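*Asks:* Let me give you the structure first, and then I'll get to my questions.
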Amino acid sequence: MLNGEQGHVIARALKTLVHYGKAFGAQRLVPIKSAHLAGSFGSISYSAYYIVLEQFIKAGLRVKVPTTINPRPGHDLNLLNRIAFGKQNALDFKMQQLGVTPNYSCVCYEKDNVPNVGDCLAWSESSAVQFANSVLGARTNRNSLLIDLCSAITGFTPEFGYLLDENRRGRILVKLKISKMDSAALGFIIGREVVNKVPVIEHFNFSRTELKNMGGAMAAAGGIAMFHVEGLTPEAPDMKTVFANAPPEATITITQDDLQNLQTKKPQQAELVVFGCPQLTYEETIELAEYFKENRSKKNIWFCMIPEAKLRFEQTDLYKNIRKNGVQVFSHCPLSALTVQISRKKVLTPSGKLFYYLKGAEYSSLDECIKTCREM
Ligand code: F3S
């Protein structure tokens, strides 16, 4: 493949991976079980990206492994988004030609791209990478746009970083002095403090949803691609094993006050409350929607869901009730949809990731956000 026997375009894709791997000290390429692409926004400014995609398509290439893709950007929400993401339909078509699964979700691991323990992957999208490594026990680095695609097209990734045992063990011990858990805030603070090492959190019985939202916040506020929870995540049966019999490089303690300090003091000033970053699962939505089925809120409320979960949710009476009460249910990425705005409403969110990336957004815990929406 590298010598061009399968064509010069795929040779260049593989050569890109070889250079990328050499830069990180990789000794070899390894086959992957799946890919997940981050390049789902049809922005008018991504011309170089479209040129590469066109080259792949013209050469008749298709992805060699099951490959999913991140959410769409809310290109049909308003005129400004329609202009900014004016290449969306063309990009969607290119991805279809390449054989990419049109799941349009950053929570690809719920249904369309479910790895097994130990699988080598080439995923981008930091929140999905985090979940795959930490919760599912699969192995992937935080790849970038185009690197993810080169891997999907060739079926290989360079072996370095989180593909190797020695880089997956715990480095920093995180102790908790918390009486009321707020997993997104905890993830945000760990990301900010630990930055790019592998944290090991003292045992806490986080739900799958909490792990998703905590991991997303951690991967945004820091460069973390893997965490462990003592006695909960697959590679952390106990402290000795997860630290490979070595002492932690450092220990940090996160308290209830730390979580509290992240919260805005004035949640009631919010005009728009956004739930779902990473996108809401079906189960998460059902639980959340219960709070909005009786009364109309004074706030604008967005639920951003996994598209497949949204289709199922639309069949329920609960969906009809919350729509009647003014809740808007979408399946796009709220960050991209809200980034292109002339004058944006004041945003409040229980998502540590959206809070980190969306300029001017305020954070409150999930309970506080629900309370704020329900105040009459
Ligand atoms: Fe997903 Fe967009 Fe948030 S890709 S994690 S919904 S920023």
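Convention: chains lettered A, B, ... in structure tokens order; per-chain residue numbering from 1; ligands numbered from 1 as shown.
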So which residues are near ligand 1, meaning at most 6 Å away with only C-alpha atoms and all ligand atoms counted, given back as a JSON list (two decimals) with N, CA and C atoms, in the first residue's frame?
*Replies:*
[["chain", "number", "residue", "atom", "x", "y", "z"],
["A", 70, "ASN", "N", -19.27, 12.57, 13.83],
["A", 70, "ASN", "CA", -19.79, 13.49, 14.85],
["A", 70, "ASN", "C", -21.11, 14.17, 14.42],
["A", 71, "PRO", "N", -21.75, 14.90, 15.35],
["A", 71, "PRO", "CA", -23.04, 15.55, 15.03],
["A", 71, "PRO", "C", -22.90, 16.61, 13.94],
["A", 106, "CYS", "N", -21.73, 12.28, 18.60],
["A", 106, "CYS", "CA", -20.46, 12.13, 19.33],
["A", 106, "CYS", "C", -20.57, 11.01, 20.35],
["A", 127, "SER", "N", -14.51, 13.52, 23.64],
["A", 127, "SER", "CA", -15.41, 12.89, 24.62],
["A", 127, "SER", "C", -15.61, 11.41, 24.30],
["A", 277, "CYS", "N", -24.50, 17.82, 25.85],
["A", 277, "CYS", "CA", -23.17, 17.99, 25.25],
["A", 277, "CYS", "C", -22.20, 17.27, 26.16],
["A", 278, "PRO", "N", -21.83, 16.02, 25.85],
["A", 278, "PRO", "CA", -22.21, 15.18, 24.72],
["A", 278, "PRO", "C", -23.73, 14.96, 24.63],
["A", 279, "GLN", "N", -24.17, 14.66, 23.42],
["A", 279, "GLN", "CA", -25.61, 14.53, 23.16],
["A", 279, "GLN", "C", -26.31, 13.60, 24.16],
["A", 333, "CYS", "N", -25.06, 19.51, 17.22],
["A", 333, "CYS", "CA", -24.10, 19.86, 18.27],
["A", 333, "CYS", "C", -24.41, 21.29, 18.73],
["A", 334, "PRO", "N", -24.75, 21.48, 20.00],
["A", 334, "PRO", "CA", -25.14, 22.83, 20.44],
["A", 334, "PRO", "C", -23.99, 23.82, 20.38],
["A", 335, "LEU", "N", -22.77, 23.34, 20.54],
["A", 335, "LEU", "CA", -21.63, 24.26, 20.51],
["A", 335, "LEU", "C", -21.50, 24.92, 19.14]]
*Asks:* Determine the nearest neighbour of Asp317 (chain A) from the options A:Thr339, A:Ala90, A:Ile286, A:Thr241, counting only C-alpha atoms.
*Replies:*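 Ranked by minimum distance to Asp317 (chain A), first place goes to A:Ile286.
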*Asks:* CA of Asn141 (chain A) to CA of Ser351 (chain A): how many Å, to one decimal?
*Replies:*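 Interatomic distance here is 23.1 Å.
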*Asks:* Which is closer to Cys150 (chain A) than all the others in A:Ala132, A:Leu173, A:Ala11, A:Ile306, using only C-alpha atoms?
*Replies:* A:Ala11
*Asks:* Find the residues near region 80-82 of chain A: any atom within 12 Å, counting only C-alpha atoms, skip ones fewer than 2 places away on the same chain, and give them as a list in words.
*Replies:*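 Contacts, in chain order: Phe41, Gly42, Ser43, Ile44, Arg72, Pro73, Gly74, His75, Asp76, Leu77, Asn78, Ala84, Phe85, Gly86, Lys87, Gln88, Asn89, His332, Pro334, Ser336, Ala337, Leu338, Thr339, Val340, Gln341, Ile342 and Ser343 of chain A.
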*Asks:* Report as a count of residues only all protein, DNA and RNA residues lying within 9 Å of His228 (chain A), evaluated on only C-alpha atoms, omitting residues in the same chain fewer than 2 positions from it.
*Replies:* 18
*Asks:* Which one is closest to Ala361 (chain A): A:Leu272, A:Cys373, A:Leu318, A:Cys108? Count only C-alpha atoms.
*Replies:*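 Closest residue, counting only C-alpha atoms: A:Leu272.
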*Asks:* Using DSSP on the backbone, list every residue of region 44-265 of chain A that comes out as alpha helix (DSSP H), and give them as number ranges by chain.
*Replies:* A: 47-58, 79-84, 88-97, 126-134, 147-154, 183-194, 208-221, 239-242, 256-262
*Asks:* Compile the contact shell of Gly7 (chain A) as a PDB file with C-alpha atoms, in the first residue's frame: residues with an atom at most 12 Å away, counting only C-alpha atoms, same-chain residues fewer than 5 positions apart removed.
*Replies:*
ATOM      1  CA  MET A   1       0.000   0.000   0.000  1.00  0.00           C
ATOM      2  CA  LEU A   2       2.823   2.365   0.929  1.00  0.00           C
ATOM      3  CA  ARG A  12      -0.345   9.193   0.543  1.00  0.00           C
ATOM      4  CA  ALA A  13      -2.927   8.512   3.238  1.00  0.00           C
ATOM      5  CA  LEU A  14      -0.744   5.736   4.668  1.00  0.00           C
ATOM      6  CA  GLN A  55      -9.251  12.999  -3.884  1.00  0.00           C
ATOM      7  CA  PHE A  56     -10.331   9.937  -1.892  1.00  0.00           C
ATOM      8  CA  LYS A  58     -12.126  10.240  -7.174  1.00  0.00           C
ATOM      9  CA  ALA A  59      -9.729   7.377  -6.409  1.00  0.00           C
ATOM     10  CA  GLY A  60     -12.752   5.190  -5.597  1.00  0.00           C
ATOM     11  CA  LEU A  61     -11.710   4.725  -1.963  1.00  0.00           C
ATOM     12  CA  THR A 154      -6.354   2.532   5.187  1.00  0.00           C
TER      13      THR A 154
END
*Asks:* Under the rule that only C-alpha atoms are counted, which of A:Arg374, A:Lys212, A:Lys111, A:Arg62 is the nearest residue to Ala289 (chain A)?
*Replies:*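 Answer, going by the shortest atom-to-atom distance: A:Arg374.
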*Asks:* Compile the contact shell of Leu176 (chain A) as a list in words: residues with an atom at most 7 Å away, counting only C-alpha atoms, same-chain residues fewer than 6 positions apart removed.
*Replies:*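 Skipping anything fewer than 6 positions along the chain leaves Glu202, Thr253, Ile254 and Thr255 of chain A.
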*Asks:* Output all heavy atoms for every residue in the selection just made, as a CSV table (one decimal), in the first residue's frame.
*Replies:*
chain,number,residue,atom,x,y,z
A,202,GLU,N,-10.9,8.1,43.2
A,202,GLU,CA,-11.4,7.2,44.3
A,202,GLU,C,-12.7,6.6,44.0
A,202,GLU,O,-13.5,7.3,43.4
A,202,GLU,CB,-11.5,8.0,45.6
A,202,GLU,CG,-10.3,8.1,46.4
A,202,GLU,CD,-10.6,8.7,47.8
A,202,GLU,OE1,-11.6,9.5,47.9
A,202,GLU,OE2,-9.8,8.5,48.7
A,253,THR,N,-7.1,16.6,46.0
A,253,THR,CA,-8.3,16.4,46.6
A,253,THR,C,-9.4,17.4,46.1
A,253,THR,O,-9.1,18.6,46.1
A,253,THR,CB,-8.2,16.5,48.2
A,253,THR,OG1,-7.2,15.6,48.6
A,253,THR,CG2,-9.5,16.2,48.9
A,254,ILE,N,-10.5,16.9,45.7
A,254,ILE,CA,-11.6,17.8,45.2
A,254,ILE,C,-12.7,17.8,46.2
A,254,ILE,O,-13.2,16.7,46.6
A,254,ILE,CB,-12.0,17.4,43.8
A,254,ILE,CG1,-10.7,17.5,42.9
A,254,ILE,CG2,-13.1,18.3,43.3
A,254,ILE,CD1,-10.9,17.1,41.5
A,255,THR,N,-13.1,19.0,46.6
A,255,THR,CA,-14.1,19.1,47.7
A,255,THR,C,-15.5,19.6,47.2
A,255,THR,O,-15.5,20.1,46.0
A,255,THR,CB,-13.6,20.1,48.8
A,255,THR,OG1,-13.6,21.4,48.1
A,255,THR,CG2,-12.2,19.7,49.3
*Asks:* Report as a list in words all protein, DNA and RNA residues lying within 8 Å of Ala250 (chain A), evaluated on only C-alpha atoms, omitting residues in the same chain fewer than 2 positions from it.
*Replies:*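 With the cut-off at 8 Å, the set is Arg171, Ile172, Leu173, Pro248 and Ile252 of chain A.
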*Asks:* One decimal, in Å: what's the spacing between CA of Ala220 (chain A) and CA of Phe188 (chain A)?
*Replies:*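 A separation of 7.6 Å between them.
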*Asks:* Give the answer as one residue: which of A:Leu98, A:Ile189, A:Leu211, A:Val347 has the shortest atom-to-atom distance to Leu136 (chain A), using only C-alpha atoms?
*Replies:*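 Comparing A:Leu98, A:Ile189, A:Leu211, A:Val347 against Leu136 (chain A), the winner is A:Leu211.
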